[in-house]
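Visitor: Can you keep this structure in mind? I'll have questions shortly.
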Amino acid sequence: ASPDLIQSLKDTLRETRGKSNEAAGRKTAVDARVRALEIQRERFVQFKTYLANTKIEALSRITNEFLQNIGSDIRIRFDGYTILKSGKVREKISISLLRDGMDCGS
């Protein structure tokens, strides 16, 4: 192989490695941004769940105070989420009737 061809290949290799390093650097930056956005999304979901549960607790308290004031032995339990077997939290409002502290179903 001629010296010009070898030098040309070396130059191309150096240029390609430089582009590869630049691309790897951009990928690292994009990966970091994606992680930051995923964390932000998770925090937003947790905050939204917190707000919903705050209102659910208030609704539960007001409803049960009313039931108590009219002399009922029935109470209502509101749940704003369910923990799945996988460990994930599913936002779902469920209502259960309680009579004398015993669950009577939903």
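Convention: chains lettered A, B, ... in structure tokens order; per-chain residue numbering from 1; ligands numbered from 1 as shown.
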What's around range 53-70 of chain A at 9 Å? Count only C-alpha atoms, leave out sequence neighbours fewer than 5 positions away in its own chain, and write the answer as an MDAnalysis selection string.

Guide: chainID A and resid 48 75:81 93

Visitor: As a PyMOL selection string, which residues of chain A does DSSP assign to strand (DSSP E)?

Guide: chain A and resi 74-83+89-99+102-105

Visitor: Could you find all residues in chain A that DSSP calls helix (DSSP H, G or I) from the backbone, and write them as a VMD selection string?

Guide: chain A and resid 3 to 69

Visitor: Using only C-alpha atoms, which of A:Asn21, A:Thr82, A:Ser96, A:Thr16 sits nearest Thr49 in chain A?

Guide: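 Using only C-alpha atoms, Thr49 in chain A sits closest to A:Thr82.
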
Visitor: Produce a table with one row for each residue of range 12-65 of chain A that has an atom at most 10 Å from any atom of range 1-8 of chain A, each row naming the nearest atom pair and its distance in Å at one decimal; use only C-alpha atoms; arrange rows by chain and rising residue number; format as JSON lines.

Guide:
```
{"residue": "A:Thr12", "atom": "CA", "partner": "A:Ser8", "partner_atom": "CA", "distance": 6.1}
{"residue": "A:Leu13", "atom": "CA", "partner": "A:Ser8", "partner_atom": "CA", "distance": 8.5}
{"residue": "A:Arg14", "atom": "CA", "partner": "A:Ser8", "partner_atom": "CA", "distance": 9.9}
```

Visitor: Within 9 Å of Asp73 in chain A, counting only C-alpha atoms, which residues qualify if same-chain residues fewer than 6 places away don't, as a list in words?

Guide: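 Result of the neighbour search: Leu67, Leu98, Arg99, Asp100 and Gly101 of chain A.
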
Visitor: Just give me the gap between CA of Asp103 in chain A and CA of Ile74 in chain A in Å, one decimal is fine.

Guide: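 Interatomic distance, CA of Asp103 in chain A to CA of Ile74 in chain A: 9.9 Å.
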
Visitor: Rounded to one decimal, what separation in Å do you get between CA of Tyr50 in chain A and CA of Ser72 in chain A?

Guide: 29.8 Å
